[in-house]
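S.K.: Sending over data14.txt (compact mmCIF, C-alpha atoms and all ligand atoms).
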```txt
# COMPACT_ATOMS: atom_id res chain seq x y z
CA MET A 27 22.48 -1.63 -7.74
CA VAL A 28 19.70 -3.67 -6.21
CA MET A 29 18.96 -3.32 -2.54
CA ALA A 30 17.03 -5.97 -0.70
CA GLY A 31 13.71 -4.68 0.52
CA ALA A 32 14.22 -1.24 -0.92
CA PRO A 33 12.14 -0.06 -3.88
CA ARG A 34 13.21 -1.66 -7.13
CA GLU A 35 15.31 0.06 -9.73
CA LYS A 36 13.61 3.31 -10.58
CA HIS A 37 11.85 3.84 -13.86
CA VAL A 38 10.51 7.21 -12.90
CA GLY A 39 12.09 10.09 -14.71
CA VAL A 40 13.81 7.93 -17.27
CA SER A 41 10.81 5.93 -18.23
CA GLY A 42 9.89 5.44 -21.84
CA PRO A 43 7.60 3.12 -23.75
CA ASN A 44 10.39 0.51 -23.96
CA LEU A 45 10.24 -0.02 -20.17
CA TRP A 46 6.60 -1.00 -20.29
CA PRO A 47 6.45 -4.81 -20.33
CA ALA A 48 4.82 -6.57 -23.27
CA ALA A 49 1.47 -8.11 -22.39
CA ASP A 50 1.36 -11.89 -22.18
CA ALA A 51 -1.58 -12.81 -24.41
CA ALA A 52 -2.44 -16.04 -22.56
CA VAL A 53 -2.45 -14.32 -19.14
CA MET A 54 -4.52 -11.42 -20.42
CA GLN A 55 -7.03 -13.78 -22.03
CA ARG A 56 -7.38 -15.79 -18.83
CA TRP A 57 -7.61 -12.94 -16.33
CA LYS A 58 -9.18 -10.01 -18.21
CA PRO A 59 -12.75 -11.30 -17.87
CA LYS A 60 -12.21 -11.76 -14.11
CA LEU A 61 -11.23 -8.10 -13.56
CA LYS A 62 -14.92 -7.28 -13.11
CA THR A 63 -15.47 -10.01 -10.50
CA LEU A 64 -14.59 -10.80 -6.90
CA GLU A 65 -12.85 -14.00 -8.02
CA PHE A 66 -9.54 -12.52 -9.09
CA ASP A 67 -6.32 -13.98 -7.68
CA PRO A 68 -3.28 -11.75 -8.30
CA MET A 69 -0.95 -14.01 -6.29
CA GLY A 70 1.00 -16.15 -8.67
CA ILE A 71 0.51 -13.73 -11.58
CA ASP A 72 3.78 -12.19 -12.73
CA GLU A 73 4.33 -8.60 -11.52
CA ASP A 74 4.69 -7.34 -15.11
CA ASP A 75 1.43 -9.01 -16.09
CA LEU A 76 -0.27 -7.28 -13.16
CA LEU A 77 0.96 -3.97 -14.63
CA ASN A 78 -0.80 -4.76 -17.89
CA LEU A 79 -3.93 -5.86 -16.06
CA ALA A 80 -3.91 -2.63 -14.01
CA LEU A 81 -3.62 -0.66 -17.24
CA GLU A 82 -6.54 -2.68 -18.61
CA ILE A 83 -8.71 -1.42 -15.72
CA PHE A 84 -7.93 2.20 -16.69
CA LEU A 85 -8.65 1.41 -20.37
CA GLU A 86 -11.96 -0.27 -19.50
CA ILE A 87 -13.00 2.66 -17.31
CA GLY A 88 -11.91 4.91 -20.17
CA VAL A 89 -12.06 8.33 -18.48
CA HIS A 90 -8.40 9.40 -18.34
CA GLU A 91 -8.11 10.69 -21.90
CA GLY A 92 -11.24 12.79 -21.44
CA LEU A 93 -9.51 14.33 -18.41
CA GLY A 94 -6.49 15.22 -20.55
CA ILE A 95 -4.24 12.41 -19.26
CA GLU A 96 -2.42 10.38 -21.91
CA THR A 97 -2.25 6.59 -21.56
CA GLU A 98 1.54 6.90 -21.67
CA LYS A 99 1.42 8.85 -18.39
CA ILE A 100 -0.77 6.20 -16.81
CA LYS A 101 1.87 3.61 -17.74
CA ARG A 102 4.66 5.64 -16.14
CA PHE A 103 2.56 6.17 -13.06
CA LEU A 104 1.81 2.45 -12.75
CA LEU A 105 5.51 1.62 -13.09
CA GLY A 106 6.20 4.16 -10.34
CA VAL A 107 3.60 2.62 -8.01
CA ARG A 108 4.91 -0.90 -8.62
CA ASP A 109 8.48 0.21 -8.01
CA ARG A 110 7.56 1.91 -4.75
CA MET A 111 5.92 -1.14 -3.20
CA LEU A 112 8.37 -2.92 -0.93
CA GLU A 113 8.67 -6.70 -0.90
CA ASN A 114 6.59 -7.36 2.20
CA PRO A 115 4.74 -10.64 2.63
CA PHE A 116 1.37 -8.85 2.40
CA HIS A 117 1.64 -5.11 1.80
CA ASN A 118 3.18 -5.37 -1.64
CA TRP A 119 2.34 -4.75 -5.30
CA ALA A 120 -0.05 -7.75 -5.41
CA HIS A 121 -2.07 -6.26 -2.51
CA VAL A 122 -2.45 -2.78 -4.02
CA PHE A 123 -3.33 -4.33 -7.38
CA ASP A 124 -5.89 -6.51 -5.58
CA VAL A 125 -7.51 -3.58 -3.78
CA THR A 126 -7.71 -1.61 -7.03
CA GLN A 127 -9.22 -4.51 -8.96
CA THR A 128 -11.65 -5.30 -6.13
CA CYS A 129 -12.73 -1.67 -5.89
CA TYR A 130 -13.34 -1.60 -9.65
CA ALA A 131 -15.47 -4.76 -9.34
CA LEU A 132 -17.41 -3.27 -6.38
CA VAL A 133 -18.24 -0.12 -8.37
CA LEU A 134 -19.65 -2.27 -11.18
CA LEU A 135 -21.46 -4.64 -8.82
CA SER A 136 -23.14 -1.78 -6.95
CA LYS A 137 -23.95 0.09 -10.17
CA GLY A 138 -22.35 3.15 -8.63
CA ARG A 139 -20.71 4.46 -11.79
CA GLU A 140 -23.62 6.81 -12.46
CA ILE A 141 -23.30 8.72 -9.17
CA LEU A 142 -19.62 9.51 -9.82
CA THR A 143 -18.11 12.11 -12.10
CA ASP A 144 -15.27 10.99 -14.38
CA MET A 145 -12.86 12.85 -12.11
CA GLN A 146 -14.16 11.07 -9.01
CA LEU A 147 -13.94 7.62 -10.59
CA PHE A 148 -10.40 8.36 -11.77
CA GLY A 149 -9.49 9.65 -8.29
CA LEU A 150 -10.88 6.50 -6.68
CA MET A 151 -8.68 4.30 -8.86
CA ILE A 152 -5.59 6.43 -8.17
CA ALA A 153 -6.29 6.38 -4.42
CA THR A 154 -6.72 2.60 -4.37
CA LEU A 155 -3.40 2.14 -6.19
CA CYS A 156 -1.63 4.49 -3.76
CA HIS A 157 -3.42 3.63 -0.52
CA ASP A 158 -0.43 1.62 0.82
CA LEU A 159 2.39 3.25 -1.15
CA GLU A 160 5.75 2.30 0.34
CA HIS A 161 4.23 0.41 3.27
CA PRO A 162 7.04 -0.71 5.61
CA GLY A 163 5.32 -3.94 6.68
CA VAL A 164 4.55 -2.81 10.23
CA ASN A 165 1.47 -1.04 11.56
CA ASN A 166 0.91 2.41 13.05
CA GLN A 167 1.05 1.09 16.61
CA PHE A 168 4.53 -0.28 15.96
CA LEU A 169 5.71 3.06 14.57
CA VAL A 170 4.38 4.80 17.69
CA LYS A 171 5.81 2.23 20.12
CA SER A 172 9.22 2.33 18.46
CA LYS A 173 9.20 6.17 18.64
CA SER A 174 9.84 6.24 14.91
CA SER A 175 10.62 9.50 13.17
CA LEU A 176 7.62 8.96 10.93
CA ALA A 177 5.38 8.91 14.02
CA THR A 178 7.04 12.12 15.19
CA LEU A 179 6.57 13.75 11.80
CA TYR A 180 2.84 12.99 11.75
CA ASN A 181 2.16 13.42 15.47
CA ASN A 182 1.11 9.77 15.88
CA GLU A 183 -2.04 10.27 13.80
CA SER A 184 -2.74 8.15 10.70
CA ILE A 185 1.01 7.90 10.30
CA LEU A 186 1.17 5.37 7.50
CA GLU A 187 -1.83 6.76 5.67
CA LYS A 188 -0.33 10.25 5.64
CA HIS A 189 2.91 8.77 4.39
CA HIS A 190 1.10 6.92 1.59
CA ALA A 191 -0.73 10.10 0.58
CA PHE A 192 2.50 12.10 0.63
CA ARG A 193 4.23 9.54 -1.56
CA ALA A 194 1.20 9.39 -3.88
CA PHE A 195 1.34 13.09 -4.70
CA GLU A 196 5.10 13.09 -4.87
CA LEU A 197 4.81 10.39 -7.52
CA MET A 198 2.01 12.08 -9.47
CA LEU A 199 3.96 15.36 -9.48
CA HIS A 200 7.28 13.78 -10.40
CA PRO A 201 8.60 15.58 -13.49
CA GLY A 202 9.00 12.24 -15.27
CA ILE A 203 5.27 11.54 -14.83
CA ASP A 204 3.46 14.84 -14.26
CA LEU A 205 0.19 12.93 -14.22
CA LEU A 206 -2.08 15.89 -13.46
CA SER A 207 -0.53 18.57 -15.64
CA ALA A 208 -3.75 19.02 -17.64
CA PHE A 209 -5.75 19.93 -14.51
CA SER A 210 -6.67 23.54 -13.72
CA LYS A 211 -5.83 24.81 -10.24
CA ASP A 212 -9.40 24.18 -9.08
CA GLN A 213 -9.43 20.69 -10.56
CA TYR A 214 -6.09 19.90 -8.95
CA ASP A 215 -7.24 21.16 -5.55
CA ALA A 216 -10.44 19.12 -5.68
CA PHE A 217 -8.58 16.03 -6.90
CA ARG A 218 -5.97 16.33 -4.16
CA GLN A 219 -8.67 16.69 -1.50
CA LEU A 220 -10.48 13.63 -2.86
CA VAL A 221 -7.44 11.35 -3.04
CA MET A 222 -6.22 12.41 0.41
CA SER A 223 -9.66 11.81 1.97
CA LEU A 224 -9.83 8.37 0.39
CA ILE A 225 -6.36 7.26 1.49
CA LEU A 226 -6.89 8.61 5.02
CA ALA A 227 -10.18 6.70 5.22
CA THR A 228 -8.21 3.42 5.16
CA ASP A 229 -6.82 4.05 8.67
CA MET A 230 -8.42 1.27 10.71
CA ALA A 231 -8.34 3.54 13.78
CA ARG A 232 -11.22 5.38 12.06
CA HIS A 233 -13.14 2.21 11.23
CA ASN A 234 -15.85 2.75 13.81
CA GLU A 235 -16.65 6.18 12.37
CA TYR A 236 -17.65 4.48 9.13
CA VAL A 237 -19.62 1.74 10.88
CA VAL A 238 -21.64 4.38 12.76
CA ASN A 239 -22.20 6.36 9.56
CA LEU A 240 -23.38 3.24 7.71
CA LYS A 241 -25.84 2.50 10.54
CA ASN A 242 -27.37 5.91 9.97
CA HIS A 243 -28.33 4.97 6.43
CA ALA A 244 -31.63 3.28 5.66
CA LYS A 245 -31.75 -0.39 4.70
CA GLY A 246 -32.05 -0.84 0.96
CA GLU A 247 -31.18 2.78 0.31
CA GLY A 248 -28.86 1.85 -2.56
CA VAL A 249 -26.08 3.95 -4.03
CA GLN A 250 -28.41 6.73 -5.14
CA GLY A 251 -28.95 7.83 -1.55
CA LEU A 252 -25.25 8.04 -0.72
CA ASP A 253 -22.91 10.99 -0.74
CA PRO A 254 -20.38 10.17 -3.51
CA LEU A 255 -17.34 10.71 -1.26
CA PHE A 256 -18.78 8.46 1.45
CA TYR A 257 -19.64 5.85 -1.19
CA MET A 258 -16.05 5.87 -2.49
CA GLU A 259 -14.59 5.73 1.03
CA ILE A 260 -16.63 2.70 2.07
CA LEU A 261 -15.87 0.93 -1.21
CA LEU A 262 -12.13 1.47 -0.77
CA LYS A 263 -12.35 0.35 2.86
CA CYS A 264 -14.30 -2.74 1.84
CA ALA A 265 -11.78 -3.55 -0.92
CA ASP A 266 -8.93 -3.13 1.58
CA ILE A 267 -10.35 -5.81 3.89
CA SER A 268 -11.82 -7.94 1.10
CA ASP A 269 -9.58 -11.00 1.46
CA ALA A 270 -12.29 -12.78 3.41
CA LEU A 271 -14.89 -12.31 0.69
CA LYS A 272 -12.85 -14.00 -2.01
CA PRO A 273 -13.08 -17.71 -2.94
CA PHE A 274 -11.69 -19.85 -0.12
CA ASP A 275 -8.59 -20.91 -2.09
CA VAL A 276 -7.71 -17.23 -2.56
CA THR A 277 -8.50 -16.14 0.99
CA LYS A 278 -6.28 -18.95 2.34
CA LYS A 279 -3.27 -17.52 0.50
CA TRP A 280 -3.92 -13.97 1.72
CA THR A 281 -4.30 -15.31 5.27
CA LEU A 282 -0.89 -16.91 5.18
CA ARG A 283 0.68 -13.76 3.78
CA ILE A 284 -0.87 -11.31 6.25
CA THR A 285 -0.07 -13.49 9.25
CA ASP A 286 3.50 -13.85 7.97
CA GLU A 287 3.74 -10.07 8.03
CA PHE A 288 2.15 -9.81 11.49
CA PHE A 289 4.55 -12.43 12.86
CA LEU A 290 7.56 -10.59 11.44
CA GLN A 291 6.41 -7.48 13.27
CA GLY A 292 6.09 -9.59 16.43
CA ASP A 293 9.65 -10.87 15.91
CA MET A 294 10.92 -7.30 15.73
CA GLU A 295 8.94 -6.30 18.81
CA ARG A 296 10.43 -9.21 20.72
CA ALA A 297 13.94 -8.48 19.45
CA SER A 298 13.59 -4.84 20.52
CA GLY A 299 12.28 -5.68 23.99
CA MET A 300 8.81 -4.27 23.30
CA ASP A 301 5.56 -5.95 24.29
CA VAL A 302 4.61 -8.29 21.45
CA SER A 303 1.26 -7.32 19.89
CA CYS A 304 -1.31 -10.03 20.44
CA MET A 305 -1.99 -10.80 16.76
CA CYS A 306 1.74 -10.72 15.97
CA ASP A 307 2.99 -13.34 18.41
CA ARG A 308 3.99 -16.47 16.51
CA THR A 309 4.71 -18.28 19.78
CA SER A 310 1.13 -18.09 21.01
CA GLN A 311 -1.11 -17.06 18.13
CA SER A 312 -2.74 -19.22 15.48
CA ARG A 313 -3.00 -17.94 11.92
CA VAL A 314 -6.47 -19.44 11.56
CA ALA A 315 -7.60 -17.78 14.79
CA VAL A 316 -6.30 -14.40 13.58
CA GLN A 317 -8.30 -14.73 10.36
CA LYS A 318 -11.45 -15.89 12.19
CA GLY A 319 -11.11 -12.88 14.50
CA MET A 320 -10.77 -10.47 11.57
CA ILE A 321 -13.90 -11.93 9.98
CA ASP A 322 -15.93 -11.92 13.21
CA TYR A 323 -14.99 -8.48 14.49
CA ILE A 324 -14.25 -6.45 11.38
CA VAL A 325 -15.07 -7.88 7.96
CA ARG A 326 -18.43 -9.53 8.55
CA PRO A 327 -20.06 -6.75 10.61
CA PHE A 328 -18.88 -4.09 8.14
CA CYS A 329 -19.90 -6.03 5.03
CA LEU A 330 -23.30 -6.95 6.51
CA LEU A 331 -24.05 -3.26 7.09
CA LEU A 332 -22.77 -2.37 3.64
CA ALA A 333 -24.96 -5.00 2.00
CA GLU A 334 -27.98 -3.75 3.98
CA VAL A 335 -27.48 -0.27 2.54
CA ILE A 336 -26.47 -1.51 -0.93
CA PRO A 337 -28.46 -4.74 -1.48
CA ALA A 338 -26.62 -5.41 -4.77
CA PHE A 339 -23.74 -6.71 -2.61
CA GLN A 340 -25.78 -9.30 -0.73
CA GLU A 341 -25.23 -12.29 -2.98
CA ALA A 342 -21.47 -11.76 -3.45
CA PHE A 343 -20.90 -11.13 0.25
CA GLY A 344 -22.48 -14.52 1.04
CA GLN A 345 -18.97 -15.88 0.47
CA ILE A 346 -17.90 -14.49 3.86
CA ALA A 347 -20.16 -16.90 5.75
CA LEU A 348 -18.98 -19.81 3.60
CA ASN A 349 -15.35 -18.94 4.29
CA ARG A 350 -16.03 -18.52 8.00
CA SER A 351 -17.46 -22.02 8.30
CA SER A 352 -14.63 -23.45 6.17
CA TRP A 353 -12.12 -21.97 8.63
CA ASP A 354 -13.77 -24.02 11.40
CA THR A 355 -12.43 -27.15 9.72
CA TYR A 356 -8.86 -25.81 9.52
CA ASP A 357 -5.84 -25.45 11.68
CA ASP A 358 -2.44 -23.85 10.97
CA ALA A 359 -0.75 -27.12 10.10
CA VAL A 360 -3.29 -27.86 7.34
CA LEU A 361 -3.11 -24.28 6.07
CA LEU A 362 0.68 -24.35 5.87
CA GLU A 363 0.66 -27.76 4.25
CA GLU A 364 -1.90 -26.74 1.62
CA VAL A 365 -0.81 -23.22 0.81
CA GLY A 366 2.72 -22.76 2.12
CA LYS A 367 4.19 -25.08 -0.47
CA LYS A 368 2.13 -23.89 -3.42
CA ASP A 369 2.28 -20.13 -3.03
CA THR A 370 5.57 -19.41 -4.78
CA GLY A 371 5.19 -15.70 -4.09
CA LEU A 372 5.28 -16.48 -0.42
CA THR A 373 8.74 -18.03 -0.55
CA LYS A 374 10.04 -14.80 -2.00
CA ALA A 375 7.98 -12.80 0.45
CA ARG A 376 9.21 -14.66 3.54
CA THR A 377 11.30 -11.66 4.27
CA PRO A 378 14.27 -12.10 6.56
CA LEU A 379 14.19 -9.94 9.64
CA ARG A 380 17.05 -7.87 8.29
CA VAL A 381 15.08 -6.88 5.20
CA VAL A 382 12.06 -5.84 7.20
CA THR A 383 14.33 -3.83 9.44
CA TRP A 384 15.77 -2.23 6.37
CA ASN A 385 12.28 -1.32 5.15
CA ILE A 386 11.52 0.44 8.39
CA ALA A 387 14.85 2.20 8.40
CA ALA A 388 14.22 3.27 4.83
CA VAL A 389 10.83 4.73 5.58
CA ASN A 390 11.68 6.10 9.00
CA ASN A 391 14.93 7.75 8.08
CA ASN A 392 13.05 9.87 5.66
CA PRO A 393 15.89 12.09 4.41
CA PHE A 394 18.18 9.11 4.12
CA GLU A 395 15.56 7.11 2.26
CA TYR A 396 14.71 10.06 0.09
CA TRP A 397 18.21 10.07 -1.26
CA VAL A 398 18.17 6.35 -1.81
CA THR A 399 15.06 6.59 -3.95
CA HIS A 400 15.44 10.00 -5.51
CA GLY A 401 19.15 10.58 -5.52
CA GLN A 402 19.47 10.08 -9.27
CA THR A 403 19.07 13.81 -9.66
CA SER A 404 22.05 14.44 -7.45
CA GLN A 405 25.64 13.66 -8.27
CA SER A 406 26.86 14.89 -4.92
CA GLU A 407 29.76 13.26 -3.17
CA GLY A 408 27.54 12.36 -0.23
CA TYR A 409 25.13 10.47 -2.47
CA ALA A 410 27.91 8.46 -4.09
CA LYS A 411 29.25 7.54 -0.66
CA LEU A 412 25.78 6.63 0.53
CA MET A 413 25.31 4.24 -2.38
CA THR A 414 28.71 2.61 -1.82
CA ASP A 415 28.17 2.25 1.91
CA VAL A 416 24.65 0.86 1.62
CA GLN A 417 25.80 -1.67 -0.96
CA MET A 418 28.67 -2.67 1.29
CA LEU A 419 26.28 -3.09 4.18
CA ILE A 420 24.09 -5.40 2.09
CA ASP A 421 26.99 -7.43 0.66
CA ASN A 422 28.78 -7.62 3.97
CA PRO A 423 26.31 -6.85 6.71
CA GLU A 424 28.69 -7.34 9.60
CA THR A 425 31.56 -5.28 8.25
CA ARG A 426 30.72 -1.80 9.35
CA ASP A 427 27.81 0.33 10.44
CA PHE A 428 27.65 3.91 9.35
CA LYS A 429 25.75 6.90 10.56
CA VAL A 430 23.20 8.61 8.37
CA GLY A 431 24.92 11.93 9.05
CA GLU A 432 28.10 10.62 7.43
CA VAL A 433 26.49 10.30 4.05
CA VAL A 434 23.52 12.68 3.93
CA THR A 435 24.78 16.25 3.93
CA ASP A 436 23.04 19.39 5.16
CA ASP A 437 22.82 20.54 1.51
CA MET A 438 20.89 17.39 0.68
CA ILE A 439 18.50 18.07 3.54
CA GLN A 440 18.03 21.60 2.31
CA GLU A 441 17.04 20.26 -1.13
CA LEU A 442 14.68 17.81 0.53
CA VAL A 443 13.00 20.60 2.48
CA VAL A 444 12.45 22.60 -0.71
CA SER A 445 11.04 19.55 -2.49
CA MET A 446 8.72 18.56 0.37
CA THR A 447 7.53 22.14 0.74
CA GLU A 448 6.77 22.34 -2.98
CA HIS A 449 4.77 19.14 -2.70
CA GLY A 450 2.65 20.62 0.06
CA CYS A 451 3.90 18.28 2.76
CA SER A 452 3.05 19.43 6.24
CA GLY A 453 5.42 19.18 9.17
CA VAL A 454 8.56 20.00 7.19
CA ASP A 455 9.91 22.22 9.99
CA LYS A 456 9.58 19.29 12.39
CA LEU A 457 11.52 17.13 10.00
CA VAL A 458 14.40 19.60 10.04
CA ASP A 459 14.32 19.61 13.82
CA VAL A 460 14.47 15.84 14.09
CA TRP A 461 17.17 15.78 11.42
CA ARG A 462 19.34 18.02 13.55
CA ALA A 463 18.48 16.34 16.83
CA GLU A 464 18.33 12.73 15.82
CA TYR A 465 18.69 11.55 12.22
CA LYS A 466 22.31 12.51 11.85
CA GLU A 467 23.31 10.24 14.70
CA ARG A 468 21.27 7.29 13.55
CA TYR A 469 22.76 4.21 12.01
CA ALA A 470 21.56 3.40 8.52
CA ILE A 471 20.19 0.12 9.81
CA GLY A 472 19.31 -0.07 13.46
CA TYR A 473 21.46 -2.58 15.25
CA SER A 474 20.79 -3.60 18.80
ZN ZN A 501 -4.17 -1.98 2.03
```
When written as structure tokens, how does the structure in this file appear?

M.R.:
Amino acid sequence: MVMAGAPREKHVGVSGPNLWPAADAAVMQRWKPKLKTLEFDPMGIDEDDLLNLALEIFLEIGVHEGLGIETEKIKRFLLGVRDRMLENPFHNWAHVFDVTQTCYALVLLSKGREILTDMQLFGLMIATLCHDLEHPGVNNQFLVKSKSSLATLYNNESILEKHHAFRAFELMLHPGIDLLSAFSKDQYDAFRQLVMSLILATDMARHNEYVVNLKNHAKGEGVQGLDPLFYMEILLKCADISDALKPFDVTKKWTLRITDEFFLQGDMERASGMDVSCMCDRTSQSRVAVQKGMIDYIVRPFCLLLAEVIPAFQEAFGQIALNRSSWDTYDDAVLLEEVGKKDTGLTKARTPLRVVTWNIAAVNNNPFEYWVTHGQTSQSEGYAKLMTDVQMLIDNPETRDFKVGEVVTDDMIQELVVSMTEHGCSGVDKLVDVWRAEYKERYAIGYS
């Protein structure tokens, strides 16, 4: 069964070498040399080929086997990450691949490999892959405004980032992957702390903290003067907002994708009677203006500071100024004409409102979604009914709504609580409370 907008068919737990896609020799030959550069363009590359290119990064770094992690496990983990990325216009598998590849290139460019242990470098790559795991295509403010259960679970703080980190460890610890089984308790604890810190650093609400910290470093200090954790955090943050430092043809495509996602959020805000966020309003906002604003207020100031502290970045970051002046010659009509027709990924990613709504329902209705994505272990009656009803809803959206409580049983919730507790998730008691008070009465997809 394939559900629109939901994670793809699961490989986790049943994965074997046969599920790993064969590498396309021509694609690998063309793109492998670019993995070390800031000129990579993952849009338009087949998703399976991106899996092989992601694996290539781990093979080039070459630390996992020394840490006791077989390449086979890396493959299963990568399949799991890919399968858990929803089909959003921007926050999808191509984006997390891009951030991982960019971060790898930034480590090489800054010659920072020598200040990191093998474990730290491996943790940085895992964190970049997982930093947006299962992103619903809306931002933290939307989750707060819509009084989402996820916002309740995480007390409105770094909601998405905590969700990504939770999913990351759930995936690493999945019995079908067991990525970290070779680690001692101390190694595991340190690794978990590292990956969580890195993912939480991507919350843009904390951006200013990092700007202030960078200002406290001396010009020309270079990587040697930096605390390794801070170095990794600023690299991941830079990679996460790196669209504007790519060649202009690449940055144009990212711009269209991210503004598509913003505008879909705006559509949902409007449909739900909320105030429409400024950057998300397709009736009044220009895509080019949104991108210029991101460069002027976020990307350029941050990257200028970064390149002052790590001068090795100066030449590459010169692209930002070139892109900024190129944007002055553009308007939305030209951008759509040039890119909208060529970016085939975008056609697929132009997600209907219903699918985006589904994504949010999936992530918000955590217990419900848990059984959609992990129910293979359960043969319970409730799970079978859930699958049938969800499929019916997708085939025939207007036929019938159903309440979550009709298909997710208290036994299933009990199993979920045990699993979340085992995975060290905080706030489990709150989840049970909201389950009792709220989830049961919710509709699987929120209708007005
Ligand atoms: Zn991201």

S.K.: Residues within 9 Å of ligand ZN 501 (chain A), counting all atoms listed in the file: report them as number ranges by chain.

M.R.: A: 116-118, 121-122, 125, 154, 157-159, 161, 228, 263, 265-267

S.K.: From the options A:Ile152, A:Ala120, A:Leu64, A:Val164, which residue's atoms come nearest to Glu295 in chain A, counting all atoms listed in the file?

M.R.: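 The shortest atom-to-atom distance to Glu295 in chain A comes from A:Val164.
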
S.K.: So, with only C-alpha atoms as the atoms that count, which of A:Ala153, A:Ile87, A:Leu331, A:Val460 lies closest to Ala244 in chain A?

M.R.: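 Of all the options, A:Leu331 lies closest to Ala244 in chain A.
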
S.K.: Please work out which residues fall within 10 Å of (-6.8, -20.8, 3.3), coordinates as given in the file, with all atoms listed in the file counting, and return them as a VMD selection string.

M.R.: chain A and resid 270 273 to 282 313 to 314 317 349 352 to 353 356 to 358 360 to 362 364 to 366

S.K.: I'd like the neighbourhood of range 148-151 of chain A as number ranges by chain, where a residue qualifies if any of its atoms comes within 9 Å (using only C-alpha atoms), though same-chain residues fewer than 2 positions away should be ignored.

M.R.: A: 83-84, 87, 89-90, 93, 126-127, 129-130, 143-146, 153-156, 217-218, 220-221, 224, 258-259, 262

S.K.: Give me a file of those residues, with C-alpha atoms, as a short mmCIF file (atom, residue, chain, number, x, y, z; two decimals), keeping the file's coordinate frame.

M.R.:
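The new file result.cif reads:
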```cif
data_model
loop_
_atom_site.label_atom_id
_atom_site.label_comp_id
_atom_site.auth_asym_id
_atom_site.auth_seq_id
_atom_site.Cartn_x
_atom_site.Cartn_y
_atom_site.Cartn_z
CA ILE A 83 -8.71 -1.42 -15.72
CA PHE A 84 -7.93 2.20 -16.69
CA ILE A 87 -13.00 2.66 -17.31
CA VAL A 89 -12.06 8.33 -18.48
CA HIS A 90 -8.40 9.40 -18.34
CA LEU A 93 -9.51 14.33 -18.41
CA THR A 126 -7.71 -1.61 -7.03
CA GLN A 127 -9.22 -4.51 -8.96
CA CYS A 129 -12.73 -1.67 -5.89
CA TYR A 130 -13.34 -1.60 -9.65
CA THR A 143 -18.11 12.11 -12.10
CA ASP A 144 -15.27 10.99 -14.38
CA MET A 145 -12.86 12.85 -12.11
CA GLN A 146 -14.16 11.07 -9.01
CA ALA A 153 -6.29 6.38 -4.42
CA THR A 154 -6.72 2.60 -4.37
CA LEU A 155 -3.40 2.14 -6.19
CA CYS A 156 -1.63 4.49 -3.76
CA PHE A 217 -8.58 16.03 -6.90
CA ARG A 218 -5.97 16.33 -4.16
CA LEU A 220 -10.48 13.63 -2.86
CA VAL A 221 -7.44 11.35 -3.04
CA LEU A 224 -9.83 8.37 0.39
CA MET A 258 -16.05 5.87 -2.49
CA GLU A 259 -14.59 5.73 1.03
CA LEU A 262 -12.13 1.47 -0.77
#
```

S.K.: In Å, how far is it from CA of Arg56 in chain A to CA of Arg350 in chain A?

M.R.: 28.3 Å

S.K.: Could you please determine the separation between CA of His189 in chain A and CA of Pro162 in chain A in Å, to one decimal place?

M.R.: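 Taking CA of His189 in chain A as the start and CA of Pro162 in chain A as the end point, the length is 10.4 Å.
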
S.K.: Kindly indicate which residue among A:Thr285, A:Met300, A:Met294, A:Ser172 lies nearest to Ser312 in chain A, using all atoms listed in the file for the distances.

M.R.: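 Among the listed residues, the smallest separation from Ser312 in chain A belongs to A:Thr285.
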
S.K.: Just the residues within 12 Å of range 232-238 of chain A, please, counting all atoms listed in the file, with nothing from its chain fewer than 2 positions along; format it as a PyMOL selection string.

M.R.: chain A and resi 183-184+187+225-230+240-243+256-264+266-267+323-332+335

S.K.: Calculated over all atoms listed in the file, which of the candidates A:Val170, A:Ala359, A:Ala231, A:Leu132 has the smallest distance to Phe339 in chain A?

M.R.: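 Closest residue, counting all atoms listed in the file: A:Leu132.
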
S.K.: Kindly indicate which residue among A:Leu206, A:Ala315, A:Ile71, A:Gln340 lies nearest to Glu91 in chain A, using only C-alpha atoms for the distances.

M.R.: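 Selected residue with least distance to Glu91 in chain A: A:Leu206.
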
S.K.: Work out how far apart CA of Gln440 in chain A and CA of Glu196 in chain A are and give it in Å to one decimal.

M.R.: 17.1 Å
